[in-house]
Every structure is written in structure tokens, then in C-alpha cells.
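As C-alpha cells, the structure follows; a few thoughts come after it.
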Amino acid sequence: MVQISAWKWSKRRPCFQITFLIFMVLIAATSLLNELKVQHFNHHNQQMQSDHIPNSKKLYPIEIDRFTECSSTVKYSGRKIQWNENDRLTSVSNGEKECDVFSGKWVFDNTSHPLYIESSCPYMSDQLACHKHGRGDLNYQYWRWQPNDCNLKRWNVTEMWEKLRGKRLMFVGDSLNRGQWISLVCLLQSVVPVNKRSMSPNAHLTIFRAEEYNASIEFLWAPLLVDSNSDDPVNHRLGDRIIRPDSAYRHLSKWADADILVFNTYLWWRQGPVKLLWKSEENGLCEELDGQGAMELAMKTWAKWVDSEVNHKKRRVFFVTMSPTHQWSREWNPESEGNCYGENRPITEKSYWGSGSDLRTMTMVEDILSRLGSKVTVLNITQLSEYRKDGHPSIYRKFWESLSPEQLSKPESYSDCIHWCLPGVPDVWNELLFHFL
């Protein structure tokens with residue numbers, strides 16, 4: 001019986017092996033199918049997430065900072081930022097409604113101006129608080145901009161807050177744009193209860209919040225618009241200026257969700273050659289290019305983002321043109337050898353244009369902006385600000401560096417003829433912003 005049982009067992013074994021083999025194949029096939037389904041789901045999910053990320057956020061270049069150095073530097077290779085090179089969209093919007101509000105004159109008006117008192121704004125900057133730092137002549141506060149053929153929309157604090165309700169307004173740029181941001185905060189803060197407003201500490205992104213309007217007015221330090229070694233809001237005075245001409249990721253990761261954006265850039269490109277560290281460069285090799293050429297590359301990188309990501313019906317983008325300087329008094333007063341120091345009245349010559357405002361650069365900027373059509377509104381503050389040689393701090397501001405006896409004996413040698421006193425010229429820039437919002 002044992003032998004028969006063994007024989008019977010041995011006769012059934014091949015059938016069992018085949019059944020077992022088929023069973024294992026089915027398990028393997030089921031596992032493989034499930035794995036393929038999981039991979040397909042994950043890929044689909046990642047693709048959906050990627051589709052919701054702006055194109056400009058899909059690349060994560062290695063950040064550069066103030067410690068970044070070039071391993072070596074070569075001449076500019078001629079590499080371009082590819083963006084609408086052969087296309088032109090509609091002509092650039094200069095924000096003109098009924099008339100050209102950027103052509104006009106300054107009218108002395110000590111009845112309606114200034115729009116706020118310097119000492120009443122707790123967020124005033126010592127760099128711009130000219131009266132606090134000794135300026136006795138306050139006439140610079142009383143000038144109102146009057147367009148030739150129409151009137152600016154009358155400033156209204158409540159209406160401006162209603163325009164900003166539930167929104168983020170962000171200024172992006174250099175210290176001149178920061179001055180415009182401080183101006184707007186001072187224009188608006190007085191109607192918000194102290195316990196309903198707050199200001200974050202000075203940082204890459206600084207935020208003023210008004211709780212009852214669920215709104216914020218923000219400033220993002222980005223003097224060159226693209227990523228650079230000068231992006232620290234405090235420690236940015238460096239020997240070499242290094243930029244990533246094809247990346248603004250550090251900044252746009254913060255500005256991408258703002259509802260209203262106000263950009264500027266200009267003066268930082270006027271300080272000599274710029275070193276280019278392309279995003280794809282891994283060995284620290286830099287190319288060197290003049291300031292205007294480097295600015296054009298940066299502007300096109302910025303414009304690519306505006307062109308691809310901005311729906312002008314849902315988000316407003318403004319670009320503020322170059323802010324003029326008044327470094328040479330001979331330009332408005334021949335045979336003199338000073339600057340803005342001691343000036344207390346605007347220039348009245350309508351055609352005046354100083355050397356601090358470069359026409360070639362302005363033409364380049366206009367050409368790029370013209371390709372964006374209605375996606376961007378230009379606040380052309382250059383000509384109207386050219387007249388205001390009296391509006392700068394000169395010596396009436398806080399200086400963080402110690403001044404030598406030689407400098408103190410000659411005020412013109414350390415006068416600030418770049419920035420603007422507040423209240424003053426930047427308030428008008430914000431009246432123009434209000435006019436077009």
C-alpha cells in the first residue's frame with residue numbers, strides 16, 4: 001500500500017507543479033499591474049501638481065549670495081535671453097486714460113499738501129526724514145503735480161484701502177522703490193487703528209499689514225530684479241556685482257502670488273560692469289558685461305515671467321521708469337559747480353533732461369515693455385521728477401558711515417541727490433498709482 005500511495009503521489013506531482021507555477025505567475029502579474037497603476041497615478045498626480053506651478057517655479061537653481069565668487073571671468077559670450085525676439089505685441093500702456101498725466105508742471109499748494117506730516121508716520125525712514133534731520137526749508141513738501149490737460153484723481157485714503165481690500169500690493173526693486181513703499185504706507189496708515197496694523201522687521205520681504213482690510217503693502221528688496229549677490233537688504237555693498245541673468249527664482253517665489261506689483265530697476269546698473277553667472281554654470285565661470293547690456297538680460301528674464309504668468313484682468317503689474325538724479329548743478333545752472341545741496345525750488349524749463357537719466361536705457365526698457373502690451377502699465381515718473389532738484393535729502397538725512405572733517409566742511413561732497421525727502425516727490429508717484437488702479 002505504501003508503494004501504491006507513493007506511486008499515486010508521484011503521478012499527481014506534475015499536475016501540482018503546473019498549478020503552482022500558474023498561481024505564482026498570476027500573483028506576479030497582479031503585482032506588476034498594481035505597480036504600473038501606482039506609477040501611473042503618481043506620475044499623473046505629479047503632472048497635475050506641476051501644471052499648477054508657474055513655469056518660472058519649475059527650475060530651482062543653486063542660490064547665489066553675498067559670499068558667491070567667480071572662479072574666473074571671461075568676456076561676454078553673446079548669449080541671449082530668448083523671449084519674443086521676433087514678436088511685438090500691442091504698444092506699451094503708459095497708463096494714459098483721458099490724457100497724458102505725465103506731462104504737466106509743479107504747482108505750489110500749501111493748502112492740500114503735504115498729504116501727511118512726516119512726524120506723524122511711525123514708519124518713516126531716517127534716510128528720507130529730511131525735516132527731522134535738520135532741513136528747515138519745508139517748501140519741498142508743498143508742490144502738487146498738475147497735468148497739462150486734465151486733473152489727477154483726487155487722493156482718497158478710504159477709496160485706496162477699498163481698492164486694496166483682501167489684496168497684497170508689493171513693491172519690488174531698489175531703495176528708490178522702497179521710498180515709494182514707505183510713502184504709500186505713510187499715506188495710508190493713519191486711518192488704521194494702532195492695534196489693527198503691524199510692520200514686520202526689515203528683511204528681504206518686509207510687510208505692512210492692515211487687519212480690518214485683510215490687506216498688506218509689502219516691499220521686496222530686489223535691486224537687479226534677477227537673483228544676485230546683492231540681494232541682502234543690509235549687506236549689499238560688494239566689490240563685484242554678480243547676477244544670474246536667467247533666473248529670478250529667489251524673488252519671484254515671493255512676488256508670484258501678489259495681486260498688485262510695482263517694479264523698478266535702474267541705478268544699480270549704472271555702477272560699472274556686471275558679472276554674469278548663468279544658471280547652468282556649475283564651475284563658477286563668469287562672463288563680464290556692461291551695465292546696460294546686463295540690465296537688458298535681466299529685464300527680459302523678468303518680462304518672460306510677466307508674459308507667461310500674468311493675466312492682467314486678475315493681476316495688475318506696474319513698472320516705474322528711472323528716477324532721475326541731480327548730481328551736477330551746471331546742468332540747470334550753467335557755470336555753477338554744485339549739486340542738489342541748497343536747492344529749494346523746482347526747475348521750470350519744460351524740456352529739461354539731466355545726464356542722470358540715460359535715454360539709451362530708457363529706449364531699451366520701452367522696447368521690452370512694448371512687447372508685454374496690456375500686461376503691464378508704465379508709471380512714467382522720469383520727466384516730472386527731473387524738475388525736482390529741490391526734493392532730495394542732500395545732507396538732511398541719517399548717514400550710517402562716519403563723515404570726515406573734509407566732507408563736513410564741504411556739504412556737496414556727501415549730499416544725497418539720489419533719494420527723495422518724504423513727504424515729497426514719491427507721494428506723487430503713488431497718486432499716479434492710485435489714479436490707474
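Labels for the C-alpha cells follow display order: chains A, B, ..., residues from 1 in each chain, ligands from 1.
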* **Shell around Gln141 (chain A) at 10 Å using only C-alpha atoms, local window under 4 positions removed, as a list in words** =>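 Non-adjacent residues within range: Phe108, Asp109, Asn110, His113, Pro114, Leu115, Tyr116, Ile117, Glu118, Asp137, Asp390, Gly391, Cys421, Leu422, Pro423, Gly424, Val425 and Asp427 of chain A.
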Restrict the calculation to only C-alpha atoms, then for each residue of region 273-362 of chain A with any atom at most 12 Å from an atom of region 149-170 of chain A give the closest atom pair and their distance in Å to one decimal, rows by chain and rising residue number, as a Markdown table.
```
| residue | atom | partner | partner_atom | distance |
| --- | --- | --- | --- | --- |
| A:Lys314 | CA | A:Lys167 | CA | 11.2 |
| A:Arg315 | CA | A:Lys167 | CA | 10.1 |
| A:Arg316 | CA | A:Leu169 | CA | 9.4 |
| A:Val317 | CA | A:Met170 | CA | 9.8 |
| A:Phe318 | CA | A:Met170 | CA | 10.3 |
| A:Phe319 | CA | A:Met170 | CA | 11.9 |
```
Selection to disk with N, CA and C atoms, as a tab-separated table (two decimals), in the first residue's frame:
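Final file, selection.tsv:
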```
chain	number	residue	atom	x	y	z
A	314	LYS	N	-6.77	89.84	-13.77
A	314	LYS	CA	-6.77	89.36	-12.40
A	314	LYS	C	-5.64	89.94	-11.57
A	315	ARG	N	-4.58	90.38	-12.23
A	315	ARG	CA	-3.42	90.91	-11.52
A	315	ARG	C	-2.92	92.15	-12.23
A	316	ARG	N	-2.59	93.18	-11.45
A	316	ARG	CA	-2.06	94.41	-12.04
A	316	ARG	C	-0.55	94.46	-11.85
A	317	VAL	N	0.16	94.78	-12.92
A	317	VAL	CA	1.60	94.93	-12.87
A	317	VAL	C	1.96	96.33	-13.37
A	318	PHE	N	2.72	97.05	-12.56
A	318	PHE	CA	3.20	98.38	-12.92
A	318	PHE	C	4.72	98.36	-12.99
A	319	PHE	N	5.26	99.17	-13.90
A	319	PHE	CA	6.70	99.36	-13.96
A	319	PHE	C	6.98	100.85	-13.86
```
* Structure fact -> Computed gap from CA of Asp174 (chain A) to CA of Ser413 (chain A) is 23.1 Å
* Identify which of the residues A:Trp255, A:Tyr140, A:Tyr249, A:Trp181 lies closest to Phe219 (chain A), counting only C-alpha atoms when measuring atom-to-atom distances. => A:Trp181
* Could you pull out the residues in region 95-252 of chain A that DSSP calls strand (DSSP E or B) from the backbone, as a VMD selection string? => chain A and resid 104 to 108 143 to 147 168 to 173 197 to 199 205 to 210 215 to 221 228 242 to 243
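Proximity to Val306 (chain A) was assessed for A:Leu384, A:Phe171, A:Leu138, A:Trp83 counting only C-alpha atoms; the smallest distance is recorded for A:Trp83.
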* Asked: Near Asp227 (chain A), counting only C-alpha atoms, which residues have an atom at most 9 Å away, once you skip same-chain residues fewer than 2 positions from it, shown as a PyMOL selection string?
  -> chain A and resi 63-65+222+224-225+229-231+242-251
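For the atom pair formed by CA of Leu379 (chain A) and CA of Phe434 (chain A), the distance is 11.0 Å, given to one decimal.
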* Asked: Looking at only C-alpha atoms, which of A:Ser228, A:Met364, A:Gln146, A:Leu238 is the one that sits closest to Lys279 (chain A)?
  -> A:Ser228
